[in-house]
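To be precise, the following lines are run_0.pdb, and they hold PDB, C-alpha atoms.
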ATOM      1  CA  MET M  11     132.064 186.763 201.445
ATOM      2  CA  SER M  12     130.228 188.983 199.001
ATOM      3  CA  ARG M  13     128.398 187.208 196.183
ATOM      4  CA  LYS M  14     128.076 190.361 194.099
ATOM      5  CA  LYS M  15     130.017 190.091 190.856
ATOM      6  CA  LYS M  16     131.543 192.897 188.831
ATOM      7  CA  ARG M  17     132.145 192.839 185.122
ATOM      8  CA  ALA M  18     135.733 192.105 184.116
ATOM      9  CA  GLU M  19     135.584 194.978 181.624
ATOM     10  CA  ASP M  20     133.857 198.158 182.751
ATOM     11  CA  THR M  21     134.454 201.546 181.117
ATOM     12  CA  THR M  22     131.330 203.305 182.310
ATOM     13  CA  GLY M  23     133.323 206.033 184.037
ATOM     14  CA  LEU M  24     135.133 207.282 180.946
ATOM     15  CA  SER M  25     134.772 210.977 180.172
ATOM     16  CA  PRO M  26     132.285 211.925 177.424
ATOM     17  CA  ALA M  27     135.125 213.322 175.298
ATOM     18  CA  VAL M  28     136.968 210.012 175.285
ATOM     19  CA  VAL M  29     133.771 208.099 174.585
ATOM     20  CA  ALA M  30     132.984 210.394 171.653
ATOM     21  CA  GLN M  31     136.479 209.945 170.264
ATOM     22  CA  GLN M  32     136.187 206.182 170.526
ATOM     23  CA  SER M  33     132.793 206.169 168.808
ATOM     24  CA  VAL M  34     134.220 207.595 165.619
ATOM     25  CA  GLN M  35     137.074 205.089 165.479
ATOM     26  CA  ASP M  36     136.883 201.843 163.692
ATOM     27  CA  ILE M  37     135.563 199.436 166.346
ATOM     28  CA  ALA M  38     137.772 196.566 165.289
ATOM     29  CA  THR M  39     140.876 198.766 165.340
ATOM     30  CA  ALA M  40     139.950 200.201 168.727
ATOM     31  CA  ASN M  41     139.498 196.752 170.196
ATOM     32  CA  ILE M  42     142.841 195.583 168.860
ATOM     33  CA  GLN M  43     144.719 198.632 170.108
ATOM     34  CA  ASN M  44     143.119 198.883 173.553
ATOM     35  CA  ASN M  45     142.156 195.396 174.697
ATOM     36  CA  GLY M  46     144.877 195.302 177.355
ATOM     37  CA  THR M  47     145.964 191.727 176.722
ATOM     38  CA  PHE M  48     149.639 190.798 177.113
ATOM     39  CA  GLY M  49     150.216 194.060 179.013
ATOM     40  CA  GLU M  50     149.088 196.275 176.151
ATOM     41  CA  PRO M  51     147.367 199.605 176.998
ATOM     42  CA  ARG M  52     143.778 199.368 178.156
ATOM     43  CA  LEU M  53     141.350 202.224 178.007
ATOM     44  CA  GLU M  54     139.657 202.627 181.410
ATOM     45  CA  PRO M  55     138.383 205.426 183.640
ATOM     46  CA  VAL M  56     140.909 206.965 186.056
ATOM     47  CA  PRO M  57     139.848 209.669 188.521
ATOM     48  CA  ASN M  58     141.785 212.932 188.642
ATOM     49  CA  PHE M  59     143.882 213.238 191.784
ATOM     50  CA  ILE M  60     143.773 216.539 193.659
ATOM     51  CA  GLN M  61     147.470 217.193 194.162
ATOM     52  CA  SER M  62     148.936 219.592 196.703
ATOM     53  CA  GLU M  63     151.949 221.746 195.921
ATOM     54  CA  SER M  64     154.208 219.692 198.185
ATOM     55  CA  GLU M  65     153.319 216.324 196.676
ATOM     56  CA  TYR M  66     155.353 214.448 194.116
ATOM     57  CA  VAL M  67     153.104 212.061 192.185
ATOM     58  CA  ILE M  68     153.964 209.012 190.106
ATOM     59  CA  SER M  69     150.985 207.511 188.284
ATOM     60  CA  ASN M  70     149.929 205.678 185.145
ATOM     61  CA  LYS M  71     146.850 205.323 182.982
ATOM     62  CA  ASN M  72     145.572 202.353 184.975
ATOM     63  CA  ASN M  73     144.834 204.012 188.313
ATOM     64  CA  SER M  74     148.109 203.172 190.092
ATOM     65  CA  TRP M  75     149.647 205.881 192.276
ATOM     66  CA  ILE M  76     152.664 206.703 194.408
ATOM     67  CA  VAL M  77     152.364 210.002 196.226
ATOM     68  CA  LEU M  78     155.298 211.430 198.177
ATOM     69  CA  GLY M  79     154.156 214.290 200.345
ATOM     70  CA  ARG M  80     153.021 215.232 203.822
ATOM     71  CA  ASP M  81     150.487 213.549 206.066
ATOM     72  CA  ARG M  82     146.952 213.547 204.706
ATOM     73  CA  LEU M  83     144.345 210.921 203.966
ATOM     74  CA  GLY M  84     141.616 213.279 202.901
ATOM     75  CA  THR M  85     141.268 216.829 201.663
ATOM     76  CA  LEU M  86     144.151 219.290 201.420
ATOM     77  CA  GLU M  87     143.192 220.558 204.882
ATOM     78  CA  SER M  88     143.346 217.118 206.493
ATOM     79  CA  GLY M  89     146.093 215.474 208.507
ATOM     80  CA  PHE M  90     149.190 217.051 209.974
ATOM     81  CA  GLY M  91     150.274 218.128 206.498
ATOM     82  CA  GLY M  92     147.103 220.160 206.080
ATOM     83  CA  ARG M  93     147.609 221.658 209.534
ATOM     84  CA  GLY M  94     151.081 222.850 208.616
ATOM     85  CA  ASP M  95     153.161 220.638 210.910
ATOM     86  CA  THR M  96     156.752 219.743 210.210
ATOM     87  CA  GLN M  97     158.191 216.199 210.391
ATOM     88  CA  CYS M  98     155.070 214.611 208.915
ATOM     89  CA  ALA M  99     156.426 213.179 205.662
ATOM     90  CA  SER M 100     154.239 210.573 204.029
ATOM     91  CA  MET M 101     154.287 207.960 201.300
ATOM     92  CA  ASP M 102     150.963 206.869 199.853
ATOM     93  CA  LEU M 103     150.898 203.800 197.597
ATOM     94  CA  CYS M 104     147.404 203.463 196.192
ATOM     95  CA  VAL M 105     145.776 201.430 193.441
ATOM     96  CA  GLY M 106     142.182 201.817 192.351
ATOM     97  CA  ARG M 107     141.017 205.253 193.437
ATOM     98  CA  MET M 108     137.226 205.154 193.766
ATOM     99  CA  ALA M 109     137.559 201.346 193.695
ATOM    100  CA  SER M 110     134.763 199.708 191.668
ATOM    101  CA  LYS M 111     133.263 202.976 190.400
ATOM    102  CA  PRO M 112     136.114 205.067 188.986
ATOM    103  CA  ASP M 113     135.079 208.167 187.072
ATOM    104  CA  SER M 114     137.510 210.087 184.902
ATOM    105  CA  THR M 115     135.366 213.202 185.229
ATOM    106  CA  LYS M 116     135.812 213.329 189.024
ATOM    107  CA  TYR M 117     138.530 215.026 191.056
ATOM    108  CA  VAL M 118     139.318 213.105 194.225
ATOM    109  CA  ASP M 119     141.435 213.194 197.372
ATOM    110  CA  PRO M 120     142.947 210.152 199.079
ATOM    111  CA  ASN M 121     140.119 208.158 200.594
ATOM    112  CA  PRO M 122     141.034 205.197 202.843
ATOM    113  CA  ILE M 123     137.396 204.097 202.954
ATOM    114  CA  VAL M 124     136.636 204.099 199.227
ATOM    115  CA  ASP M 125     139.948 203.450 197.451
ATOM    116  CA  ALA M 126     140.618 199.826 196.497
ATOM    117  CA  ALA M 127     143.980 199.125 198.139
ATOM    118  CA  ARG M 128     146.595 201.210 199.922
ATOM    119  CA  ILE M 129     149.855 201.107 201.841
ATOM    120  CA  TYR M 130     150.172 204.349 203.780
ATOM    121  CA  ILE M 131     153.340 205.413 205.603
ATOM    122  CA  SER M 132     153.542 208.609 207.609
ATOM    123  CA  GLN M 133     156.122 210.145 209.899
ATOM    124  CA  LYS M 134     153.363 211.668 212.034
ATOM    125  CA  THR M 135     149.703 210.753 211.755
ATOM    126  CA  ASP M 136     146.554 209.695 213.601
ATOM    127  CA  ILE M 137     146.596 206.248 212.063
ATOM    128  CA  ASP M 138     143.614 204.764 213.962
ATOM    129  CA  GLU M 139     141.405 207.774 213.361
ATOM    130  CA  ASN M 140     142.271 207.790 209.653
ATOM    131  CA  TYR M 141     140.921 204.266 209.309
ATOM    132  CA  ASN M 142     138.122 204.492 211.908
ATOM    133  CA  LEU M 143     139.635 201.728 214.041
ATOM    134  CA  VAL M 144     138.458 200.825 217.533
ATOM    135  CA  ASP M 145     140.900 201.339 220.409
ATOM    136  CA  GLY M 146     141.201 197.740 221.566
ATOM    137  CA  THR M 147     143.613 197.364 224.468
ATOM    138  CA  VAL M 148     146.631 198.919 222.734
ATOM    139  CA  GLY M 149     144.849 202.263 222.476
ATOM    140  CA  ASN M 150     144.545 204.940 219.798
ATOM    141  CA  SER M 151     147.784 206.225 218.282
ATOM    142  CA  LYS M 152     147.920 210.017 218.085
ATOM    143  CA  ALA M 153     150.498 212.206 216.310
ATOM    144  CA  LYS M 154     152.987 209.367 215.885
ATOM    145  CA  SER M 155     154.514 207.541 212.963
ATOM    146  CA  GLY M 156     152.286 204.897 211.477
ATOM    147  CA  ILE M 157     151.922 202.381 208.687
ATOM    148  CA  ALA M 158     148.578 201.075 207.488
ATOM    149  CA  LEU M 159     147.775 198.388 204.934
ATOM    150  CA  LYS M 160     144.247 198.127 203.627
ATOM    151  CA  ALA M 161     142.716 196.013 200.870
ATOM    152  CA  ASP M 162     139.948 193.478 200.389
ATOM    153  CA  ALA M 163     142.410 190.779 201.360
ATOM    154  CA  ILE M 164     145.853 191.011 202.915
ATOM    155  CA  ARG M 165     148.340 188.176 203.095
ATOM    156  CA  ILE M 166     151.693 188.365 204.858
ATOM    157  CA  VAL M 167     153.823 185.541 203.534
ATOM    158  CA  ALA M 168     157.240 184.505 204.837
ATOM    159  CA  ARG M 169     159.529 181.748 203.621
ATOM    160  CA  GLU M 170     160.779 181.449 207.165
ATOM    161  CA  GLY M 171     159.259 183.110 210.244
ATOM    162  CA  ILE M 172     156.966 186.031 211.021
ATOM    163  CA  LYS M 173     157.344 188.084 214.184
ATOM    164  CA  LEU M 174     154.912 190.620 215.635
ATOM    165  CA  VAL M 175     157.025 192.507 218.138
ATOM    166  CA  THR M 176     156.124 195.456 220.363
ATOM    167  CA  ARG M 177     158.089 197.931 222.470
ATOM    168  CA  THR M 178     161.529 197.476 220.945
ATOM    169  CA  ASP M 179     162.742 201.005 221.774
ATOM    170  CA  LYS M 180     162.704 203.330 224.765
ATOM    171  CA  PHE M 181     161.521 206.333 222.716
ATOM    172  CA  ASN M 182     158.953 206.774 219.949
ATOM    173  CA  SER M 183     159.452 208.702 216.686
ATOM    174  CA  GLN M 184     158.385 211.985 218.321
ATOM    175  CA  GLY M 185     161.053 211.693 220.991
ATOM    176  CA  GLY M 186     158.596 210.675 223.703
ATOM    177  CA  GLU M 187     159.421 207.934 226.155
ATOM    178  CA  VAL M 188     157.574 204.675 225.634
ATOM    179  CA  ALA M 189     156.312 204.373 229.199
ATOM    180  CA  SER M 190     153.654 201.678 228.867
ATOM    181  CA  SER M 191     153.729 198.136 227.549
ATOM    182  CA  SER M 192     151.394 197.520 224.649
ATOM    183  CA  GLY M 193     150.468 194.097 223.370
ATOM    184  CA  ILE M 194     148.985 192.824 220.150
ATOM    185  CA  ASP M 195     145.250 193.016 219.486
ATOM    186  CA  LEU M 196     143.610 190.641 216.990
ATOM    187  CA  ILE M 197     140.270 192.329 216.345
ATOM    188  CA  ALA M 198     137.660 190.865 213.991
ATOM    189  CA  ASN M 199     134.955 193.072 212.464
ATOM    190  CA  ASN M 200     136.453 196.223 214.063
ATOM    191  CA  GLU M 201     134.583 195.314 217.276
ATOM    192  CA  ASP M 202     136.376 195.350 220.626
ATOM    193  CA  GLU M 203     133.541 195.072 223.167
ATOM    194  CA  ASP M 204     134.285 191.400 223.845
ATOM    195  CA  LEU M 205     138.046 191.593 223.383
ATOM    196  CA  GLN M 206     139.671 189.022 225.673
ATOM    197  CA  PRO M 207     143.273 188.092 226.458
ATOM    198  CA  LEU M 208     145.045 185.284 224.647
ATOM    199  CA  VAL M 209     145.960 182.182 226.616
ATOM    200  CA  LYS M 210     149.536 181.178 227.362
ATOM    201  CA  GLY M 211     149.602 177.602 226.153
ATOM    202  CA  GLY M 212     152.306 176.389 228.528
ATOM    203  CA  ASN M 213     150.521 177.754 231.571
ATOM    204  CA  LEU M 214     147.217 176.329 230.326
ATOM    205  CA  ILE M 215     148.807 172.890 229.953
ATOM    206  CA  ASP M 216     150.128 173.092 233.531
ATOM    207  CA  ALA M 217     146.724 174.182 234.821
ATOM    208  CA  LEU M 218     144.854 171.396 233.036
ATOM    209  CA  LYS M 219     147.369 168.778 234.160
ATOM    210  CA  ARG M 220     146.955 169.935 237.747
ATOM    211  CA  LEU M 221     143.172 169.839 237.340
ATOM    212  CA  THR M 222     143.417 166.323 235.900
ATOM    213  CA  THR M 223     145.496 165.280 238.913
ATOM    214  CA  HIS M 224     142.872 166.652 241.286
ATOM    215  CA  VAL M 225     140.075 164.850 239.404
ATOM    216  CA  SER M 226     142.108 161.636 239.499
ATOM    217  CA  LYS M 227     142.548 161.990 243.261
ATOM    218  CA  LEU M 228     138.819 162.586 243.598
ATOM    219  CA  ASN M 229     138.290 159.358 241.680
ATOM    220  CA  GLY M 230     140.428 157.564 244.268
ATOM    221  CA  ILE M 231     138.510 159.143 247.142
ATOM    222  CA  VAL M 232     135.195 158.004 245.683
ATOM    223  CA  ASP M 233     136.644 154.530 245.053
ATOM    224  CA  SER M 234     137.731 154.262 248.714
ATOM    225  CA  LEU M 235     134.314 155.433 249.854
ATOM    226  CA  LEU M 236     132.731 152.789 247.638
ATOM    227  CA  MET M 237     134.823 150.020 249.190
ATOM    228  CA  TYR M 238     133.998 151.212 252.702
ATOM    229  CA  GLN M 239     130.317 151.187 251.800
ATOM    230  CA  ILE M 240     130.594 147.690 250.330
ATOM    231  CA  ASN M 241     132.156 146.442 253.573
ATOM    232  CA  LEU M 242     129.360 148.053 255.575
ATOM    233  CA  ASN M 243     126.697 146.577 253.302
ATOM    234  CA  GLU M 244     128.231 143.116 253.638
ATOM    235  CA  ALA M 245     128.249 143.422 257.436
ATOM    236  CA  LEU M 246     124.584 144.473 257.454
ATOM    237  CA  ILE M 247     123.602 141.510 255.276
ATOM    238  CA  HIS M 248     125.088 138.996 257.714
ATOM    239  CA  HIS M 249     124.291 140.914 260.868
ATOM    240  CA  THR M 250     122.550 139.120 263.748
ATOM    241  CA  HIS M 251     122.112 140.238 267.317
ATOM    242  CA  TYR M 252     121.109 138.771 270.638
ATOM    243  CA  GLY M 253     118.195 139.920 272.780
ATOM    244  CA  PRO M 254     116.096 138.790 275.755
ATOM    245  CA  MET M 255     113.841 135.904 274.894
ATOM    246  CA  ASN M 256     111.543 136.316 277.861
ATOM    247  CA  ILE M 257     111.832 137.931 281.239
ATOM    248  CA  ILE M 258     109.563 136.402 283.893
ATOM    249  CA  SER M 259     111.517 137.217 286.967
ATOM    250  CA  ALA M 260     113.989 139.762 288.061
ATOM    251  CA  GLY M 261     116.710 137.335 287.286
ATOM    252  CA  PRO M 262     118.396 137.185 283.945
ATOM    253  CA  GLY M 263     116.309 135.666 281.253
ATOM    254  CA  PHE M 264     117.286 133.557 278.343
ATOM    255  CA  VAL M 265     118.800 135.246 275.250
ATOM    256  CA  TRP M 266     118.237 134.179 271.708
ATOM    257  CA  GLU M 267     119.770 134.965 268.312
ATOM    258  CA  THR M 268     117.551 136.866 265.855
ATOM    259  CA  THR M 269     117.396 135.983 262.160
ATOM    260  CA  PRO M 270     118.541 138.582 259.606
ATOM    261  CA  SER M 271     115.905 140.973 258.261
ATOM    262  CA  MET M 272     114.971 139.772 254.793
ATOM    263  CA  PRO M 273     114.307 143.321 253.382
ATOM    264  CA  VAL M 274     117.731 144.448 254.629
ATOM    265  CA  VAL M 275     119.436 141.384 253.169
ATOM    266  CA  SER M 276     117.721 141.851 249.816
ATOM    267  CA  ALA M 277     118.551 145.564 249.634
ATOM    268  CA  GLY M 278     122.133 144.981 250.743
ATOM    269  CA  ILE M 279     122.771 142.323 248.119
ATOM    270  CA  LYS M 280     121.333 144.540 245.372
ATOM    271  CA  THR M 281     123.394 147.557 246.520
ATOM    272  CA  MET M 282     126.613 145.524 246.594
ATOM    273  CA  THR M 283     125.874 144.153 243.130
ATOM    274  CA  ASP M 284     125.179 147.647 241.761
ATOM    275  CA  HIS M 285     128.327 149.055 243.346
ATOM    276  CA  LEU M 286     130.505 146.360 241.819
ATOM    277  CA  SER M 287     128.846 146.156 238.408
ATOM    278  CA  GLN M 288     128.140 149.856 237.850
ATOM    279  CA  THR M 289     129.828 152.288 240.231
ATOM    280  CA  LYS M 290     133.152 150.452 240.417
ATOM    281  CA  ARG M 291     133.160 149.902 236.664
ATOM    282  CA  SER M 292     132.307 153.569 235.990
ATOM    283  CA  LEU M 293     135.161 154.713 238.195
ATOM    284  CA  MET M 294     137.583 152.471 236.292
ATOM    285  CA  VAL M 295     136.330 153.797 232.945
ATOM    286  CA  GLN M 296     136.578 157.395 234.185
ATOM    287  CA  LYS M 297     140.150 156.780 235.335
ATOM    288  CA  ALA M 298     141.069 155.416 231.919
ATOM    289  CA  ASN M 299     139.368 158.355 230.170
ATOM    290  CA  LEU M 300     141.429 160.806 232.212
ATOM    291  CA  GLY M 301     144.586 159.143 230.948
ATOM    292  CA  LEU M 302     143.418 159.258 227.335
ATOM    293  CA  TYR M 303     142.381 162.898 227.787
ATOM    294  CA  GLN M 304     145.875 163.852 228.912
ATOM    295  CA  ILE M 305     147.477 162.062 225.982
ATOM    296  CA  SER M 306     145.096 163.490 223.372
ATOM    297  CA  TYR M 307     144.945 167.115 224.499
ATOM    298  CA  LEU M 308     147.901 167.828 226.789
ATOM    299  CA  SER M 309     150.676 165.864 225.117
ATOM    300  CA  PRO M 310     152.540 167.256 222.060
ATOM    301  CA  ALA M 311     152.111 163.827 220.455
ATOM    302  CA  GLY M 312     148.334 163.932 220.920
ATOM    303  CA  CYS M 313     146.088 164.195 217.879
ATOM    304  CA  LYS M 314     144.204 167.130 219.451
ATOM    305  CA  TYR M 315     147.060 168.845 221.277
ATOM    306  CA  ILE M 316     145.706 172.224 222.394
ATOM    307  CA  ASN M 317     148.936 174.188 221.802
ATOM    308  CA  SER M 318     150.175 175.331 218.425
ATOM    309  CA  ARG M 319     153.380 173.604 217.434
ATOM    310  CA  TYR M 320     154.624 176.711 215.637
ATOM    311  CA  ASN M 321     152.951 179.914 216.877
ATOM    312  CA  ASN M 322     153.720 181.568 220.197
ATOM    313  CA  VAL M 323     152.541 184.505 222.302
ATOM    314  CA  THR M 324     154.104 186.260 225.259
TER     315      THR M 324
END
Represent the structure contained in this file as structure tokens.
Amino acid sequence: MSRKKKRAEDTTGLSPAVVAQQSVQDIATANIQNNGTFGEPRLEPVPNFIQSESEYVISNKNNSWIVLGRDRLGTLESGFGGRGDTQCASMDLCVGRMASKPDSTKYVDPNPIVDAARIYISQKTDIDENYNLVDGTVGNSKAKSGIALKADAIRIVAREGIKLVTRTDKFNSQGGEVASSSGIDLIANNEDEDLQPLVKGGNLIDALKRLTTHVSKLNGIVDSLLMYQINLNEALIHHTHYGPMNIISAGPGFVWETTPSMPVVSAGIKTMTDHLSQTKRSLMVQKANLGLYQISYLSPAGCKYINSRYNNVT
């Protein structure tokens, strides 16, 4: 957000003739008559609009304009109106020509870059090119009807619902068949290099639930492996075996039972203790966390449910 501030009252663009006339008036009277409060007239600079012969213009002394004409958002030579095409009617609603630096000595054309705010409607226009918009995935509209809204801030407010709907008809305004399906691009900063598709929330929920199921099954596999290992460790701790005590003759000798290996017993006991106190406990905690994760993120009742409860995309 810009931190630059502009004066609430700025008449620096008034023509020298008007300034000279004001200078000879009584200052107090001039202030009373032209302070603009309560909707009274306010003296301010308004640029002179360069009007074509085909344009019908409604304007006031405060830089508000309605221009009914033919497609152009620039000089008289611009647009399909300047080229001489038919079926290119336009309606240009503009406030604040030259925006923050209006000059009543200047003659200006429509300027979508400089003018303060505009709603532009045209029967046939290059709407993206007029506003220097990137293509995105929906492409660049050429020689078709278009509507553009531009201002410092735009709000679309509905007391009920808002729909953004594409491809409602089989033919466009020029009589051409709408052969391709176009979606809706949400482009920040007029930059489309990293434009990525939106996610379908329902499908994402299904995918994450399936992933959670697989992770839960993996938890069970690891838990089974842990129990098998515990059983093996317990067998090793108590393991003894029999071997020949001494062989003096070819005949069978005596056999004797060996004592368990103390290093093996010690390591086995420690491993079993660690498995039960740490690994088994961690698996139980992880299992519980998976359940909480599903409730929090994948359930509509969850506090961090990943889907919007109101907004949808196809």
Contacts of range 174-182 of chain M at 12 Å (only C-alpha atoms; same-chain gap of 2+ positions) as a VMD selection string
chain M and resid 133 to 134 148 151 to 156 166 171 to 172 184 to 196 321 to 324
Given the file shown, enumerate the residues that the PyMOL selection byres ((chain M and resi 205) around 12) captures and present them as a short mmCIF file (atom, residue, chain, number, x, y, z; two decimals) with C-alpha atoms, keeping the file's coordinate frame.
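Written output follows (out.cif):
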data_model
loop_
_atom_site.label_atom_id
_atom_site.label_comp_id
_atom_site.auth_asym_id
_atom_site.auth_seq_id
_atom_site.Cartn_x
_atom_site.Cartn_y
_atom_site.Cartn_z
CA VAL M 144 138.46 200.82 217.53
CA ASP M 145 140.90 201.34 220.41
CA GLY M 146 141.20 197.74 221.57
CA THR M 147 143.61 197.36 224.47
CA VAL M 148 146.63 198.92 222.73
CA ILE M 194 148.99 192.82 220.15
CA ASP M 195 145.25 193.02 219.49
CA LEU M 196 143.61 190.64 216.99
CA ILE M 197 140.27 192.33 216.34
CA ALA M 198 137.66 190.86 213.99
CA ASN M 199 134.96 193.07 212.46
CA ASN M 200 136.45 196.22 214.06
CA GLU M 201 134.58 195.31 217.28
CA ASP M 202 136.38 195.35 220.63
CA GLU M 203 133.54 195.07 223.17
CA ASP M 204 134.28 191.40 223.84
CA GLN M 206 139.67 189.02 225.67
CA PRO M 207 143.27 188.09 226.46
CA LEU M 208 145.04 185.28 224.65
#
Show me, as number ranges by chain, the residues that have an atom within 10 Å of range 83-91 of chain M when counting all atoms listed in the file, minus same-chain residues fewer than 6 positions from it.
M: 60-64, 97-100, 102, 118-123, 130, 132-137, 140-141, 153
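Every residue that the PyMOL selection byres ((chain M and resi 109) around 10) selects in this file is listed here: Asn73, Val105, Gly106, Arg107, Met108, Ser110, Lys111, Pro112, Asp113, Ile123, Val124, Asp125, Ala126 and Ala127 of chain M.
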Expand the PyMOL selection byres ((chain M and resi 216-225) around 10) into the explicit residue set it covers here, and present it as a list in words.
Gly211, Gly212, Asn213, Leu214, Ile215, Ser226, Lys227, Leu228, Asn229, Gly230, Ile231, Gln296, Lys297, Leu300, Gly301, Tyr303, Gln304, Tyr307 and Leu308 of chain M
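CA of Tyr117 in chain M is positioned 15.3 Å from CA of Pro26 in chain M.
CA of Arg93 in chain M to CA of Ala161 in chain M spans 27.5 Å [interatomic distance, one decimal].
Take CA of Tyr320 in chain M and CA of Leu302 in chain M: the distance between them is 23.8 Å.
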